[in-house]
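Shown next: target-v6.cif, containing mmCIF, C-alpha atoms.
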```cif
data_query
loop_
_atom_site.label_atom_id
_atom_site.label_comp_id
_atom_site.auth_asym_id
_atom_site.auth_seq_id
_atom_site.Cartn_x
_atom_site.Cartn_y
_atom_site.Cartn_z
CA GLN Z 688 12.42 10.46 -12.36
CA VAL Z 689 10.62 7.79 -10.39
CA GLN Z 690 7.78 9.05 -8.26
CA LEU Z 691 5.14 7.45 -6.08
CA VAL Z 692 2.69 9.95 -4.66
CA GLU Z 693 0.15 8.88 -2.07
CA SER Z 694 -3.08 10.68 -1.33
CA GLY Z 695 -6.39 10.14 0.43
CA GLY Z 696 -5.30 10.03 4.03
CA GLY Z 697 -7.01 12.00 6.75
CA LEU Z 698 -8.77 11.99 10.09
CA VAL Z 699 -11.67 9.58 10.39
CA GLN Z 700 -13.73 8.12 13.20
CA ALA Z 701 -13.46 4.49 14.15
CA GLY Z 702 -15.64 2.37 11.89
CA GLY Z 703 -15.22 4.73 8.99
CA SER Z 704 -13.61 4.22 5.60
CA LEU Z 705 -10.93 5.77 3.45
CA ARG Z 706 -9.53 5.10 0.01
CA LEU Z 707 -5.85 5.73 -0.41
CA SER Z 708 -4.37 6.27 -3.85
CA CYS Z 709 -0.81 6.07 -5.08
CA ALA Z 710 0.08 7.54 -8.46
CA ALA Z 711 3.24 6.23 -10.07
CA SER Z 712 5.45 7.76 -12.73
CA GLY Z 713 8.93 7.40 -14.15
CA PHE Z 714 8.93 3.62 -14.53
CA THR Z 715 6.91 0.88 -16.22
CA PHE Z 716 4.26 0.52 -13.57
CA SER Z 717 2.60 -2.52 -15.15
CA ARG Z 718 5.78 -4.56 -14.71
CA PHE Z 719 6.02 -3.90 -10.99
CA SER Z 720 4.37 -5.42 -7.96
CA VAL Z 721 3.03 -2.80 -5.60
CA GLY Z 722 2.59 -2.82 -1.88
CA TRP Z 723 1.27 -0.75 0.97
CA PHE Z 724 3.13 -0.49 4.26
CA ARG Z 725 2.44 1.58 7.35
CA GLN Z 726 4.39 2.98 10.25
CA ALA Z 727 2.87 4.10 13.52
CA PRO Z 728 4.76 6.37 15.94
CA GLY Z 729 7.44 4.45 17.79
CA ARG Z 730 6.90 1.31 15.74
CA VAL Z 731 8.67 -0.31 12.82
CA ARG Z 732 7.27 -0.12 9.34
CA GLU Z 733 4.95 -3.05 8.70
CA PHE Z 734 3.48 -4.74 5.68
CA VAL Z 735 -0.19 -4.09 4.95
CA ALA Z 736 -1.07 -5.38 1.48
CA ALA Z 737 0.47 -6.09 -1.90
CA SER Z 738 -0.56 -6.82 -5.45
CA SER Z 739 1.29 -8.61 -8.23
CA TRP Z 740 2.05 -6.73 -11.42
CA SER Z 741 -1.16 -7.94 -13.04
CA GLY Z 742 -3.33 -7.61 -9.97
CA GLY Z 743 -4.10 -11.29 -10.19
CA SER Z 744 -2.40 -12.12 -6.92
CA THR Z 745 -2.76 -10.19 -3.68
CA ALA Z 746 -1.51 -10.57 -0.13
CA TYR Z 747 -2.61 -9.04 3.15
CA ALA Z 748 -1.37 -8.78 6.69
CA ASP Z 749 -3.53 -10.80 9.06
CA SER Z 750 -4.46 -7.64 10.94
CA VAL Z 751 -6.18 -6.12 7.92
CA LYS Z 752 -7.69 -9.12 6.14
CA GLY Z 753 -11.36 -8.60 5.45
CA ARG Z 754 -11.13 -4.84 6.03
CA PHE Z 755 -8.53 -3.63 3.50
CA THR Z 756 -8.57 -4.21 -0.25
CA ILE Z 757 -5.72 -3.45 -2.61
CA SER Z 758 -6.38 -2.86 -6.29
CA ARG Z 759 -4.56 -1.33 -9.20
CA ASP Z 760 -5.33 0.33 -12.50
CA ASN Z 761 -2.37 -0.14 -14.80
CA ALA Z 762 -3.92 2.16 -17.39
CA LYS Z 763 -3.78 4.97 -14.83
CA ASN Z 764 -0.51 3.90 -13.18
CA THR Z 765 -2.31 3.95 -9.87
CA VAL Z 766 -2.72 1.59 -6.93
CA TYR Z 767 -5.48 1.92 -4.37
CA LEU Z 768 -6.06 0.78 -0.82
CA GLN Z 769 -9.67 0.68 0.28
CA ILE Z 770 -9.78 0.74 4.06
CA ASN Z 771 -13.02 -0.13 5.83
CA SER Z 772 -14.00 -0.60 9.47
CA LEU Z 773 -11.10 1.56 10.59
CA LYS Z 774 -9.74 1.06 14.09
CA PRO Z 775 -7.62 3.42 16.20
CA GLU Z 776 -4.73 0.96 15.83
CA ASP Z 777 -4.78 1.60 12.08
CA THR Z 778 -3.43 5.08 12.78
CA ALA Z 779 -0.13 5.38 10.92
CA VAL Z 780 1.62 6.88 7.96
CA TYR Z 781 0.80 4.73 4.96
CA TYR Z 782 3.39 4.24 2.24
CA CYS Z 783 3.11 2.70 -1.19
CA ALA Z 784 6.05 0.93 -2.75
CA ALA Z 785 6.96 -0.81 -5.99
CA ALA Z 786 9.08 -3.88 -6.66
CA PRO Z 787 10.05 -5.45 -9.98
CA GLY Z 788 7.54 -8.11 -10.93
CA ARG Z 789 8.82 -11.68 -11.02
CA PRO Z 790 6.99 -14.16 -13.28
CA GLY Z 791 5.35 -16.89 -11.28
CA VAL Z 792 6.09 -15.24 -7.94
CA GLY Z 793 3.47 -13.56 -5.84
CA PRO Z 794 3.82 -10.10 -4.33
CA SER Z 795 6.26 -9.76 -1.47
CA TYR Z 796 5.60 -8.67 2.10
CA ARG Z 797 9.28 -7.85 2.62
CA ALA Z 798 10.00 -4.14 2.58
CA ASN Z 799 13.60 -4.69 1.48
CA GLU Z 800 12.38 -6.17 -1.80
CA TYR Z 801 10.74 -2.89 -2.82
CA ASP Z 802 12.86 -0.49 -4.82
CA TYR Z 803 10.67 2.60 -4.95
CA TRP Z 804 8.80 4.30 -2.13
CA GLY Z 805 6.41 7.19 -1.76
CA GLN Z 806 6.53 9.86 0.93
CA GLY Z 807 3.48 8.57 2.76
CA THR Z 808 0.04 9.78 3.72
CA GLN Z 809 -1.19 10.11 7.29
CA VAL Z 810 -4.22 8.15 8.44
CA THR Z 811 -5.56 9.02 11.87
CA VAL Z 812 -8.46 7.13 13.40
CA SER Z 813 -10.21 8.60 16.40
CA SER Z 814 -12.07 6.45 18.90
#
```
Written as structure tokens, that's how I'd like the structure from this file.
Amino acid sequence: QVQLVESGGGLVQAGGSLRLSCAASGFTFSRFSVGWFRQAPGRVREFVAASSWSGGSTAYADSVKGRFTISRDNAKNTVYLQINSLKPEDTAVYYCAAAPGRPGVGPSYRANEYDYWGQGTQVTVSS
């Protein structure tokens, strides 16, 4: 069955770094765009970053540009999110998701275009 399993979250001080991982199984990972979303308490889920199926095209939310980097290793069926210069407002549950890749179309920031979702990993940033 399809699975996306996130890991790497935790408690970190402001200014610190984390690397989140998301291991995929049960589908042809290399044919799917992947994205990271997050949801803070009392807030709607929001787009963070996404990568096309090849990794050649990426997209970021304005709030994380320059601090977050998405990458993928199709040989390992894994997508990563490197998070630097963490801020308290980055505190949230982080989810990875996968959407069918579309030739010539970049990765989507729309959550409703993603078919598969992980269970999330908590990131807490203390001030």
*Go through the shown structure with the PyMOL selection byres ((chain Z and resi 758) around 9) and write out the matching residues as a PyMOL selection string.*
chain Z and resi 737-738+742+745+756-757+759-760+765-769
*With a distance cut-off of 8 Å and only C-alpha atoms, select the neighbouring residues of Leu773 of chain Z, excluding the residue or stretch itself and same-chain residues fewer than 4 positions from it, and output the selection as an MDAnalysis selection string.*
chainID Z and resid 700:704 754 777 812
*Give as a ChimeraX atom specification the residues that the PyMOL selection byres ((chain Z and resi 705) around 10) matches when applied to the coordinates above.*
/Z:695-699,703-704,706-708,755,768-773,810
*For atom CA of Gly729 of chain Z and atom CA of Pro794 of chain Z, the interatomic separation in Å (one decimal)*: 26.7 Å
*Provide the atom CA of Ala711 of chain Z to atom CA of Thr811 of chain Z distance in Å, to one decimal place.*
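Spanning atom CA of Ala711 of chain Z to atom CA of Thr811 of chain Z is a straight-line distance of 23.8 Å.
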*Any chance you could resolve the PyMOL selection byres ((chain Z and resi 784) around 7) against this file and give the residues as a PyMOL selection string?*
chain Z and resi 721-723+782-783+785-786+801+803-805
With C-alpha atoms kept, could you save the residues just selected as a short mmCIF file (atom, residue, chain, number, x, y, z; two decimals), in the frame of the given file?
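Result file follows (selection-v1.cif):
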```
data_model
loop_
_atom_site.label_atom_id
_atom_site.label_comp_id
_atom_site.auth_asym_id
_atom_site.auth_seq_id
_atom_site.Cartn_x
_atom_site.Cartn_y
_atom_site.Cartn_z
CA VAL Z 721 3.03 -2.80 -5.60
CA GLY Z 722 2.59 -2.82 -1.88
CA TRP Z 723 1.27 -0.75 0.97
CA TYR Z 782 3.39 4.24 2.24
CA CYS Z 783 3.11 2.70 -1.19
CA ALA Z 785 6.96 -0.81 -5.99
CA ALA Z 786 9.08 -3.88 -6.66
CA TYR Z 801 10.74 -2.89 -2.82
CA TYR Z 803 10.67 2.60 -4.95
CA TRP Z 804 8.80 4.30 -2.13
CA GLY Z 805 6.41 7.19 -1.76
#
```
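Residues in contact with segment 715-719 of chain Z at 8 Å, where all atoms listed in the file are counted and same-chain residues fewer than 4 positions away are skipped, are listed as Ala711, Ser739, Trp740, Ser741, Asn761, Asn764, Ala785, Ala786, Pro787 and Gly788 of chain Z.
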*When you draw a straight line from atom CA of Lys763 of chain Z to atom CA of Val689 of chain Z, how long is it in Å?*
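One can read the atom CA of Lys763 of chain Z to atom CA of Val689 of chain Z distance as 15.3 Å.
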Would you compute an axis-aligned box for segment 722-726 of chain Z, covering every atom listed for it in the file with 4 Å of margin on each side, and report centre and edge lengths in Å to one decimal as lines of an AutoDock Vina configuration file?
```
center_x = 2.8
center_y = 0.1
center_z = 4.2
size_x = 11.1
size_y = 13.8
size_z = 20.1
```
*Choose the residue, out of Z:Ser795, Z:Gln688, Z:Ser694, Z:Thr778, that has the smallest atom-to-atom separation from Ser744 of chain Z; count only C-alpha atoms.*
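Looking only at the distances to Ser744 of chain Z, the closest residue turns out to be Z:Ser795.
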*Pick out the closest residue to Leu691 of chain Z from this set: Z:Lys752, Z:Ala779, Z:Thr808, Z:Ser814. Count only C-alpha atoms.*
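The shortest atom-to-atom distance to Leu691 of chain Z comes from Z:Thr808.
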*Between Z:Ala798, Z:Val751, Z:Val792, Z:Val780, single out the one closest to Arg730 of chain Z, counting all atoms listed in the file.*
Z:Val780
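Ranking Z:Pro728, Z:Gln690, Z:Pro790, Z:Tyr781 by their shortest atom-to-atom distance to Phe714 of chain Z, with only C-alpha atoms included, puts Z:Gln690 first.
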